[in-house]
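Trainee: Here it is, the structure in full.
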Amino acid sequence: MKRPFVLSLAALIVPAVLPFVSPGPAAAAPVGSARIAFSRNDDLPGTEHEIMSMTSTGTNVVVLTNTPAVVDLDPVYSPDGKRIAFTRWGAGPDELWVMNADGTGLAVVPGSGRAHHPAWSPDGKRLAYARMEPVPPYTAHICIRDLKGGSYQLLSATPGANDWAPAWSPDGTRIAWNRWIGGASQLLVLTLKGLSLDQLTPLTPGRDDAWPDWSPDSKQIVFSRFESGAGIGSSLYRMSAKGGPVTLVLAGIPLVNDTYFTMPDWSPDGTKIAYAGMDDDEGWGNIYTITPDGKNNTQLTFGTATDMSPDWTVA
């Protein structure tokens, strides 16, 4: 049975090492409009694993990176909406990068190494991310680093566990992520004051909870859940940031459709959630929005490209 969409460890640990190619100029995003950044993998020249942005209604799609020789993934806006952090494979040993929201001003985060899934601190000075060990079994840990490469802090280093997709709470007090152990995954939350780690969901055989994201008031978390044997692809749920019962946002559809709902991201005003609806094998993917109560499900991108990892800001 297929599992929910996650970047495979093979894909994560063996990116092609390719020469850096400078990006071309990007079109400016309209001022005063809500934007969603996302990554796109397409067969068209200039859009192979590039960072894109669009309005919250799916219009004015802009290519922010134009680097056919490297892979750009995991875009996330800074709290002020002026910058985007992302993962870049194939341009050197350090894989966390930052650019202006219009695609200019590219800069690497020194010392970031094999990095994935950056998340900004609310003050915009640091990034939490998953850093992969350079030797087998390539275990991933959550850490924090400032944009100049300093103030490094390791937050997780549990033997046998892979920690991914950190999300920093808007109030700055906590970081949530998903932990994979023995073929299942759960959601954890670290309280930064005192560094106490608590589980939000239990580690349950056959269940994968992943891709947490916070509501703007830091009171709720939305996430993706896949349950083996349920006969459907991954669904979207939300829950209290303190743990407890979960509320269904969007139910997965039958596995024969090969569609998974994943990578949710809450809008800054709390009224919508962007997410990716995609093929398990990354054959295609589209970006959608839905309200937290599961209504007004709206498709924003179309076609055969693989669009994923939406991140929302208000410009």
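If you're wondering about the labels, chains in the structure tokens are A, B, ... by order shown, residues count from 1 in each chain, ligands from 1 in order shown.
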Looking only at the backbone, which of the residues in segment 97-314 of chain A does DSSP tag as strand (DSSP E or B), as number ranges by chain?

Mentor: A: 97-100, 107-108, 115-120, 126-132, 140-146, 153-154, 162-168, 174-181, 184-191, 196-199, 207-214, 220-227, 232, 235-240, 246-250, 254, 259-266, 273-279, 285-290, 298-299, 306-314

Trainee: With only C-alpha atoms counted and 9 Å as the cut-off, give the residues of segment 32-78 of chain A in contact with segment 90-97 of chain A, each with its shortest interatomic distance in Å and the pair that gives it, as CSV.

Mentor:
residue,atom,partner,partner_atom,distance
A:Ala69,CA,A:Gly90,CA,7.4
A:Val70,CA,A:Gly90,CA,5.0
A:Val71,CA,A:Gly90,CA,6.7

Trainee: Extract, using only C-alpha atoms, all DNA, RNA and protein residues at most 9 Å from segment 252-262 of chain A, discarding same-chain residues fewer than 2 positions from it, and format them as a ChimeraX atom specification.

Mentor: /A:1-2,4-6,210-211,223-226,230-236,250,264,275-281,285,308-309

Trainee: Which residue, A:Ser121, A:Thr271, A:Ser185, A:Thr67, has the smallest gap to Ser169 of chain A when you use only C-alpha atoms?

Mentor: A:Ser121

Trainee: Could you list, as a VMD selection string, every residue within 7 Å of Ile84 of chain A, counting only C-alpha atoms and ignoring same-chain residues fewer than 3 positions away?

Mentor: chain A and resid 75 to 78 98 to 101

Trainee: Create the file for the chosen residues now, containing N, CA and C atoms and written as a PDB file, in the first residue's frame.

Mentor:
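Contents of again-v7.pdb, freshly written:
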ATOM      1  N   PRO A  75       9.661  26.659   0.028  1.00  0.00           N
ATOM      2  CA  PRO A  75       9.675  28.105   0.283  1.00  0.00           C
ATOM      3  C   PRO A  75       8.852  28.482   1.497  1.00  0.00           C
ATOM      4  N   VAL A  76       9.317  29.458   2.255  1.00  0.00           N
ATOM      5  CA  VAL A  76       8.560  29.952   3.404  1.00  0.00           C
ATOM      6  C   VAL A  76       8.853  31.434   3.582  1.00  0.00           C
ATOM      7  N   TYR A  77       7.798  32.230   3.657  1.00  0.00           N
ATOM      8  CA  TYR A  77       7.933  33.678   3.811  1.00  0.00           C
ATOM      9  C   TYR A  77       8.393  34.045   5.213  1.00  0.00           C
ATOM     10  N   SER A  78       9.195  35.097   5.287  1.00  0.00           N
ATOM     11  CA  SER A  78       9.531  35.673   6.582  1.00  0.00           C
ATOM     12  C   SER A  78       8.286  36.321   7.179  1.00  0.00           C
ATOM     13  N   VAL A  98      18.248  32.132   1.332  1.00  0.00           N
ATOM     14  CA  VAL A  98      17.269  33.190   1.573  1.00  0.00           C
ATOM     15  C   VAL A  98      17.311  34.149   0.394  1.00  0.00           C
ATOM     16  N   MET A  99      16.156  34.668   0.012  1.00  0.00           N
ATOM     17  CA  MET A  99      16.094  35.677  -1.042  1.00  0.00           C
ATOM     18  C   MET A  99      15.002  36.677  -0.701  1.00  0.00           C
ATOM     19  N   ASN A 100      15.006  37.794  -1.389  1.00  0.00           N
ATOM     20  CA  ASN A 100      13.901  38.736  -1.262  1.00  0.00           C
ATOM     21  C   ASN A 100      12.643  38.113  -1.851  1.00  0.00           C
ATOM     22  N   ALA A 101      11.489  38.639  -1.473  1.00  0.00           N
ATOM     23  CA  ALA A 101      10.226  38.062  -1.909  1.00  0.00           C
ATOM     24  C   ALA A 101      10.004  38.173  -3.409  1.00  0.00           C
TER      25      ALA A 101
END

Trainee: Report as a PyMOL selection string all protein, DNA and RNA residues lying within 10 Å of segment 123-129 of chain A, evaluated on only C-alpha atoms, omitting residues in the same chain fewer than 5 positions from it.

Mentor: chain A and resi 77-83+85+87+96+109+112+115-118+140-155+163-168+170-172+175+177

Trainee: Would you pick out the contacts of Leu300 of chain A at 7 Å or less, using only C-alpha atoms, so that residues sharing its chain but fewer than 2 positions from it are not included, and give the list as a list in words?

Mentor: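 Listing them by chain and then by number gives Thr57, Gly58, Ile287, Tyr288, Thr298 and Phe302 of chain A.
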
Trainee: Could those selected residues go to a file with N, CA and C atoms, as a tab-separated table (two decimals), in the first residue's frame?

Mentor:
chain	number	residue	atom	x	y	z
A	57	THR	N	-5.80	33.88	-4.97
A	57	THR	CA	-6.84	33.33	-5.84
A	57	THR	C	-6.24	32.58	-7.02
A	58	GLY	N	-4.93	32.43	-7.04
A	58	GLY	CA	-4.27	31.65	-8.09
A	58	GLY	C	-3.87	32.42	-9.32
A	287	ILE	N	-2.21	23.17	-5.95
A	287	ILE	CA	-2.43	23.92	-4.71
A	287	ILE	C	-3.91	24.27	-4.59
A	288	TYR	N	-4.43	24.12	-3.38
A	288	TYR	CA	-5.83	24.40	-3.07
A	288	TYR	C	-5.89	25.28	-1.82
A	298	THR	N	-11.14	25.16	-2.81
A	298	THR	CA	-10.92	25.85	-4.09
A	298	THR	C	-9.57	25.49	-4.67
A	302	PHE	N	-3.42	24.34	-11.75
A	302	PHE	CA	-3.94	23.26	-12.59
A	302	PHE	C	-2.82	22.73	-13.48

Trainee: Enter the distance from atom CA of Pro137 of chain A to atom CA of Val108 of chain A, in Å, rounded to one decimal.

Mentor: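 Separation of atom CA of Pro137 of chain A and atom CA of Val108 of chain A: 25.9 Å.
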